[in-house]
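Enquirer: What follows is target-v9.cif; its format and atoms are mmCIF, C-alpha atoms.
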```cif
data_coords
#
loop_
_atom_site.group_PDB
_atom_site.id
_atom_site.type_symbol
_atom_site.label_atom_id
_atom_site.label_comp_id
_atom_site.auth_asym_id
_atom_site.auth_seq_id
_atom_site.Cartn_x
_atom_site.Cartn_y
_atom_site.Cartn_z
ATOM 1 C CA MET A 9 -41.953 -28.651 37.116
ATOM 2 C CA SER A 10 -38.686 -30.607 36.736
ATOM 3 C CA VAL A 11 -36.675 -30.669 33.552
ATOM 4 C CA SER A 12 -36.575 -34.068 31.897
ATOM 5 C CA GLU A 13 -33.275 -35.931 31.415
ATOM 6 C CA PRO A 14 -33.353 -35.600 27.603
ATOM 7 C CA ALA A 15 -33.823 -31.838 27.925
ATOM 8 C CA ARG A 16 -30.895 -31.518 30.358
ATOM 9 C CA THR A 17 -28.729 -33.576 28.035
ATOM 10 C CA ALA A 18 -29.702 -31.411 25.060
ATOM 11 C CA ASN A 19 -28.915 -28.212 26.979
ATOM 12 C CA ARG A 20 -25.545 -29.590 28.039
ATOM 13 C CA ARG A 21 -24.710 -30.501 24.475
ATOM 14 C CA THR A 22 -25.711 -27.037 23.291
ATOM 15 C CA ARG A 23 -23.438 -25.365 25.870
ATOM 16 C CA LEU A 24 -20.533 -27.629 24.915
ATOM 17 C CA THR A 25 -21.069 -26.863 21.224
ATOM 18 C CA VAL A 26 -21.100 -23.108 21.870
ATOM 19 C CA ARG A 27 -17.903 -23.370 23.926
ATOM 20 C CA ALA A 28 -16.200 -25.381 21.212
ATOM 21 C CA VAL A 29 -17.163 -22.820 18.579
ATOM 22 C CA LEU A 30 -15.828 -19.977 20.754
ATOM 23 C CA VAL A 31 -12.527 -21.807 21.324
ATOM 24 C CA VAL A 32 -12.082 -22.436 17.598
ATOM 25 C CA ALA A 33 -12.923 -18.800 16.808
ATOM 26 C CA ASN A 34 -10.403 -17.530 19.364
ATOM 27 C CA VAL A 35 -7.679 -19.815 18.030
ATOM 28 C CA ALA A 36 -8.401 -18.613 14.486
ATOM 29 C CA LEU A 37 -8.214 -14.964 15.547
ATOM 30 C CA VAL A 38 -4.928 -15.505 17.366
ATOM 31 C CA GLY A 39 -3.520 -17.308 14.324
ATOM 32 C CA LEU A 40 -4.594 -14.480 12.022
ATOM 33 C CA PHE A 41 -3.022 -11.886 14.307
ATOM 34 C CA VAL A 42 0.269 -13.789 14.419
ATOM 35 C CA GLN A 43 0.251 -14.285 10.658
ATOM 36 C CA GLN A 44 -0.355 -10.576 10.010
ATOM 37 C CA SER A 45 2.318 -9.613 12.511
ATOM 38 C CA LEU A 46 4.855 -11.900 10.852
ATOM 39 C CA ALA A 47 3.927 -10.594 7.402
ATOM 40 C CA SER A 48 4.337 -7.004 8.520
ATOM 41 C CA SER A 49 7.694 -7.674 10.128
ATOM 42 C CA SER A 50 8.959 -9.642 7.129
ATOM 43 C CA PHE A 51 8.453 -6.667 4.842
ATOM 44 C CA SER A 52 10.148 -4.237 7.184
ATOM 45 C CA SER A 53 13.099 -6.232 8.529
ATOM 46 C CA ALA A 54 15.551 -4.472 6.244
ATOM 47 C CA SER A 55 13.726 -1.187 5.841
ATOM 48 C CA PRO A 56 15.620 2.091 6.351
ATOM 49 C CA SER A 57 15.673 3.239 9.952
ATOM 50 C CA SER A 58 13.378 6.065 11.018
ATOM 51 C CA ASP A 59 16.299 7.327 13.125
ATOM 52 C CA SER A 60 17.853 8.635 9.916
ATOM 53 C CA ARG A 61 15.958 11.916 10.291
ATOM 54 C CA HIS A 62 17.739 12.490 13.575
ATOM 55 C CA ARG A 63 21.232 11.956 12.207
ATOM 56 C CA GLY A 64 21.444 14.761 9.703
ATOM 57 C CA LEU A 65 19.718 12.913 6.868
ATOM 58 C CA GLY A 66 16.244 13.608 5.541
ATOM 59 C CA GLU A 67 14.063 13.590 2.445
ATOM 60 C CA ALA A 68 16.793 15.191 0.328
ATOM 61 C CA ASP A 69 18.874 12.043 0.909
ATOM 62 C CA GLY A 70 16.041 9.676 0.066
ATOM 63 C CA PHE A 71 14.278 9.275 3.400
ATOM 64 C CA VAL A 72 10.647 8.321 2.694
ATOM 65 C CA PRO A 73 7.868 9.750 4.905
ATOM 66 C CA ASP A 74 4.863 7.573 5.699
ATOM 67 C CA GLY A 75 2.201 7.299 3.021
ATOM 68 C CA VAL A 76 4.362 8.041 -0.045
ATOM 69 C CA THR A 77 3.257 6.348 -3.278
ATOM 70 C CA VAL A 78 4.961 5.955 -6.650
ATOM 71 C CA PHE A 79 3.007 9.009 -7.851
ATOM 72 C CA ASP A 80 4.484 11.389 -5.288
ATOM 73 C CA HIS A 81 7.376 13.743 -5.997
ATOM 74 C CA VAL A 82 9.672 13.303 -3.005
ATOM 75 C CA PRO A 83 13.351 12.798 -4.007
ATOM 76 C CA ALA A 84 13.232 9.052 -3.247
ATOM 77 C CA VAL A 85 10.640 8.694 -6.019
ATOM 78 C CA ALA A 86 11.478 11.595 -8.340
ATOM 79 C CA ASN A 87 15.152 10.559 -8.575
ATOM 80 C CA LEU A 88 14.386 7.017 -9.684
ATOM 81 C CA ASP A 89 15.484 5.961 -13.156
ATOM 82 C CA PRO A 90 12.790 7.379 -15.508
ATOM 83 C CA ASP A 91 12.117 4.016 -17.161
ATOM 84 C CA LEU A 92 11.723 2.277 -13.794
ATOM 85 C CA LEU A 93 9.407 5.011 -12.542
ATOM 86 C CA SER A 94 7.320 4.882 -15.714
ATOM 87 C CA ALA A 95 6.900 1.107 -15.415
ATOM 88 C CA LEU A 96 5.991 1.416 -11.738
ATOM 89 C CA ARG A 97 3.354 4.045 -12.424
ATOM 90 C CA LYS A 98 1.826 2.010 -15.253
ATOM 91 C CA ALA A 99 1.661 -1.047 -13.009
ATOM 92 C CA ALA A 100 0.288 0.996 -10.111
ATOM 93 C CA THR A 101 -2.446 2.461 -12.311
ATOM 94 C CA ASP A 102 -3.563 -1.022 -13.327
ATOM 95 C CA ALA A 103 -3.248 -2.394 -9.797
ATOM 96 C CA ALA A 104 -5.493 0.381 -8.516
ATOM 97 C CA GLY A 105 -8.311 -1.292 -10.431
ATOM 98 C CA ASN A 106 -7.919 -4.198 -8.014
ATOM 99 C CA GLY A 107 -7.850 -1.888 -5.006
ATOM 100 C CA VAL A 108 -4.060 -2.155 -4.645
ATOM 101 C CA GLU A 109 -1.884 0.911 -3.995
ATOM 102 C CA PHE A 110 1.904 1.042 -4.378
ATOM 103 C CA PHE A 111 3.343 2.591 -1.228
ATOM 104 C CA VAL A 112 7.088 3.168 -1.103
ATOM 105 C CA ASN A 113 9.390 2.103 1.716
ATOM 106 C CA SER A 114 12.545 3.180 -0.078
ATOM 107 C CA GLY A 115 13.614 4.265 -3.549
ATOM 108 C CA TRP A 116 16.557 6.423 -4.582
ATOM 109 C CA ARG A 117 19.076 7.044 -1.790
ATOM 110 C CA SER A 118 22.090 9.302 -1.513
ATOM 111 C CA PRO A 119 25.479 7.602 -0.971
ATOM 112 C CA GLU A 120 25.520 9.062 2.541
ATOM 113 C CA TYR A 121 22.152 7.528 3.355
ATOM 114 C CA GLN A 122 23.238 4.171 1.951
ATOM 115 C CA GLU A 123 26.426 4.264 4.029
ATOM 116 C CA GLN A 124 24.409 4.958 7.166
ATOM 117 C CA LEU A 125 22.058 2.045 6.428
ATOM 118 C CA LEU A 126 25.060 -0.202 5.962
ATOM 119 C CA ARG A 127 26.521 0.833 9.325
ATOM 120 C CA GLU A 128 23.166 0.187 10.977
ATOM 121 C CA ALA A 129 22.957 -3.246 9.332
ATOM 122 C CA VAL A 130 26.427 -4.199 10.562
ATOM 123 C CA SER A 131 25.383 -3.188 14.064
ATOM 124 C CA LYS A 132 22.095 -5.090 13.779
ATOM 125 C CA TYR A 133 23.430 -8.313 12.253
ATOM 126 C CA GLY A 134 26.823 -8.395 13.962
ATOM 127 C CA SER A 135 29.164 -8.542 10.974
ATOM 128 C CA LYS A 136 29.802 -7.034 7.540
ATOM 129 C CA GLU A 137 29.292 -10.446 5.957
ATOM 130 C CA GLU A 138 25.804 -10.911 7.401
ATOM 131 C CA ALA A 139 24.862 -7.267 6.776
ATOM 132 C CA ALA A 140 25.783 -7.739 3.101
ATOM 133 C CA ARG A 141 22.836 -10.117 2.750
ATOM 134 C CA TRP A 142 20.530 -7.129 3.272
ATOM 135 C CA VAL A 143 22.315 -3.850 2.538
ATOM 136 C CA ALA A 144 24.754 -3.045 -0.275
ATOM 137 C CA THR A 145 27.595 -0.555 -0.206
ATOM 138 C CA PRO A 146 27.085 2.927 -1.694
ATOM 139 C CA GLU A 147 29.290 1.858 -4.612
ATOM 140 C CA THR A 148 27.160 -1.178 -5.503
ATOM 141 C CA SER A 149 23.612 -0.348 -4.369
ATOM 142 C CA PRO A 150 21.018 -0.020 -7.156
ATOM 143 C CA HIS A 151 19.140 2.330 -4.834
ATOM 144 C CA VAL A 152 21.959 4.882 -5.079
ATOM 145 C CA THR A 153 21.728 4.841 -8.883
ATOM 146 C CA GLY A 154 17.931 5.018 -8.768
ATOM 147 C CA HIS A 155 17.434 1.548 -10.235
ATOM 148 C CA ALA A 156 15.594 -0.128 -7.340
ATOM 149 C CA ILE A 157 12.528 0.383 -5.217
ATOM 150 C CA ASP A 158 11.312 -1.251 -2.004
ATOM 151 C CA LEU A 159 7.537 -1.438 -1.786
ATOM 152 C CA GLY A 160 5.793 -1.226 1.526
ATOM 153 C CA ARG A 161 2.645 -3.350 1.621
ATOM 154 C CA ALA A 162 2.008 -7.044 1.217
ATOM 155 C CA ASP A 163 -0.878 -6.630 -1.256
ATOM 156 C CA ALA A 164 1.247 -4.601 -3.678
ATOM 157 C CA ILE A 165 4.114 -7.071 -3.379
ATOM 158 C CA ALA A 166 1.750 -9.964 -4.030
ATOM 159 C CA TRP A 167 0.232 -8.160 -7.025
ATOM 160 C CA LEU A 168 3.642 -7.469 -8.565
ATOM 161 C CA SER A 169 4.782 -11.019 -7.890
ATOM 162 C CA LYS A 170 1.931 -12.147 -10.141
ATOM 163 C CA HIS A 171 1.821 -9.367 -12.730
ATOM 164 C CA GLY A 172 5.155 -7.515 -12.534
ATOM 165 C CA ALA A 173 6.870 -9.265 -15.445
ATOM 166 C CA ALA A 174 4.308 -7.797 -17.864
ATOM 167 C CA TYR A 175 5.729 -4.367 -16.951
ATOM 168 C CA GLY A 176 9.350 -5.487 -16.775
ATOM 169 C CA LEU A 177 9.286 -5.285 -12.974
ATOM 170 C CA CYS A 178 11.067 -8.153 -11.249
ATOM 171 C CA GLN A 179 11.896 -9.300 -7.749
ATOM 172 C CA ILE A 180 15.667 -9.754 -7.705
ATOM 173 C CA TYR A 181 16.402 -11.407 -4.358
ATOM 174 C CA LYS A 182 14.522 -14.291 -2.723
ATOM 175 C CA ASN A 183 15.113 -12.835 0.747
ATOM 176 C CA GLU A 184 13.757 -9.410 -0.245
ATOM 177 C CA PRO A 185 10.234 -9.786 -1.678
ATOM 178 C CA TRP A 186 9.760 -6.017 -1.431
ATOM 179 C CA HIS A 187 12.770 -5.154 -3.671
ATOM 180 C CA TYR A 188 11.971 -4.607 -7.372
ATOM 181 C CA GLU A 189 14.067 -3.553 -10.344
ATOM 182 C CA LEU A 190 13.367 -3.023 -14.030
ATOM 183 C CA ARG A 191 14.179 -5.859 -16.422
ATOM 184 C CA PRO A 192 12.651 -4.846 -19.798
ATOM 185 C CA GLU A 193 13.311 -8.286 -21.309
ATOM 186 C CA ALA A 194 10.917 -9.785 -18.757
ATOM 187 C CA VAL A 195 7.972 -8.464 -20.777
ATOM 188 C CA ASP A 196 8.682 -11.131 -23.425
ATOM 189 C CA HIS A 197 10.726 -13.723 -21.556
ATOM 190 C CA GLY A 198 9.671 -13.497 -17.923
ATOM 191 C CA CYS A 199 11.746 -12.414 -14.969
ATOM 192 C CA PRO A 200 15.210 -13.946 -14.533
ATOM 193 C CA ARG A 201 15.921 -16.422 -11.770
ATOM 194 C CA MET A 202 16.255 -14.687 -8.428
ATOM 195 C CA TYR A 203 19.445 -14.600 -6.394
ATOM 196 C CA ALA A 204 19.190 -16.070 -2.900
ATOM 197 C CA ASP A 205 20.347 -12.712 -1.512
ATOM 198 C CA PRO A 206 22.542 -9.790 -2.640
ATOM 199 C CA THR A 207 25.782 -11.633 -1.807
ATOM 200 C CA HIS A 208 25.074 -13.915 -4.808
ATOM 201 C CA ASP A 209 24.616 -10.949 -7.171
ATOM 202 C CA PRO A 210 27.744 -10.344 -9.316
ATOM 203 C CA ARG A 211 27.037 -6.593 -9.217
ATOM 204 C CA MET A 212 27.760 -6.610 -5.473
ATOM 205 C CA ARG A 213 31.326 -7.894 -5.956
ATOM 206 C CA LYS A 214 32.887 -4.709 -7.290
#
```
Using the file provided, produce a representation of the structure as structure tokens.

Expert:
Amino acid sequence: MSVSEPARTANRRTRLTVRAVLVVANVALVGLFVQQSLASSSFSSASPSSDSRHRGLGEADGFVPDGVTVFDHVPAVANLDPDLLSALRKAATDAAGNGVEFFVNSGWRSPEYQEQLLREAVSKYGSKEEAARWVATPETSPHVTGHAIDLGRADAIAWLSKHGAAYGLCQIYKNEPWHYELRPEAVDHGCPRMYADPTHDPRMRK
């Protein structure tokens, strides 16, 4: 028995529809993968190098192993300014109710560690001037004094971007969405305007 023309046409249309749906789904998946890859790289572009462990520096200098949160007691966390750490832990406790965990990329650093990161940045970016947009000197870095933290996951950064001011936690530089410092006045007045990058921060001009 032969298939009628309307039936063949309907089958052809069905196959074309299925193909179109598959193409759209594949494009969406590729787009999502690229977006996630870019997000991951954007939050790690200025992160401390894992090579630090192989150059005589380790946890005692502020190197952060994988999986460290603001509740852990490694030196990078324990040596943070007590008020900053208290605010971070309060925020992290509340964020946990939304399924968000505060993982740490970097916190307190020794001057030696900071100097190494600066050398690596100069090598990476090609000049001291360009490196200064991402890494401060040991004399000016708020990480060395324990007054800054770099968070490691996009969901925590997004949560703090929305809620951080209520805890006095503020993003300081537009080019570093992972970098947070304590600004107690933000609880009542909101976070101050961000600098474009550290080279615009008066503290970096010592």

Enquirer: Could you pull the residues within 7 Å of A:Gly198, counting all atoms listed in the file, minus those fewer than 3 positions along the same chain, as a count of residues only?

Expert: 3

Enquirer: Calculate how many Å separate atom CA of A:Ala103 from atom CA of A:Gly176, rounding to one decimal.

Expert: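 Atom CA of A:Gly176 lies at a distance of 14.7 Å from atom CA of A:Ala103.
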
Enquirer: Using all atoms listed in the file, which protein or nucleic acid residues come within 10 Å of A:Asp91? Drop anything in the same chain fewer than 4 positions from it, and give the result as JSON, numbers by chain.

Expert: {"A": [95, 96, 97, 155, 176, 190, 192]}

Enquirer: Can you translate the PyMOL selection byres ((chain A and resi 122) around 8) into the concrete residues it hits in this file, as a PyMOL selection string?

Expert: chain A and resi 117-121+123-126+144-146+149+152

Enquirer: Taking all atoms listed in the file into account, which of A:Asn183, A:Asp102, A:Pro150, A:Ser131 comes nearest A:Leu168?

Expert: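 Of the candidates, the smallest distance to A:Leu168 is held by A:Asp102.
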
Enquirer: Quick one: of A:Thr153, A:Ser135, A:Ser169, A:Gln179, who's nearest to A:Gly115, counting only C-alpha atoms?

Expert: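 That would be A:Thr153, the residue with the smallest distance to A:Gly115.
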
Enquirer: Which residue out of A:Lys98, A:Asn113, A:Ala139, A:Asp205 has the minimum interatomic distance to A:Ala162 when only C-alpha atoms are used?

Expert: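 Checking each candidate against A:Ala162, we get A:Asn113 as the closest.
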
Enquirer: Could you list the residues chosen by the PyMOL selection byres ((chain A and resi 207) around 9) in this structure as an MDAnalysis selection string?

Expert: chainID A and resid 137 140:142 144 203:206 208:210 212:213

Enquirer: Counting all atoms listed in the file, which of A:Cys199, A:Ile180, A:Val82, A:Val112 gets nearest to A:Leu159?

Expert: A:Val112

Enquirer: Counting all atoms listed in the file, which of A:Leu65, A:Ala84, A:Ala100, A:Leu92 gets nearest to A:Asp163?

Expert: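 Looking at the shortest contact to A:Asp163, the residue is A:Ala100.
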
Enquirer: Please compute the atom CA of A:Phe111-atom CA of A:Gly160 distance, one decimal, in Å.

Expert: 5.3 Å

Enquirer: Provide the atom CA of A:Thr148 to atom CA of A:Trp116 distance in Å, to one decimal place.

Expert: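 Interatomic distance here is 13.1 Å.
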
Enquirer: Report, as lines of an AutoDock Vina configuration file, the centre and edge lengths in Å (one decimal) of the axis-aligned box enclosing every listed atom of stretch 142-160 of chain A, padded by 8 Å on each side.

Expert:
```
center_x = 17.5
center_y = -1.1
center_z = -3.5
size_x = 39.5
size_y = 28.1
size_z = 29.5
```
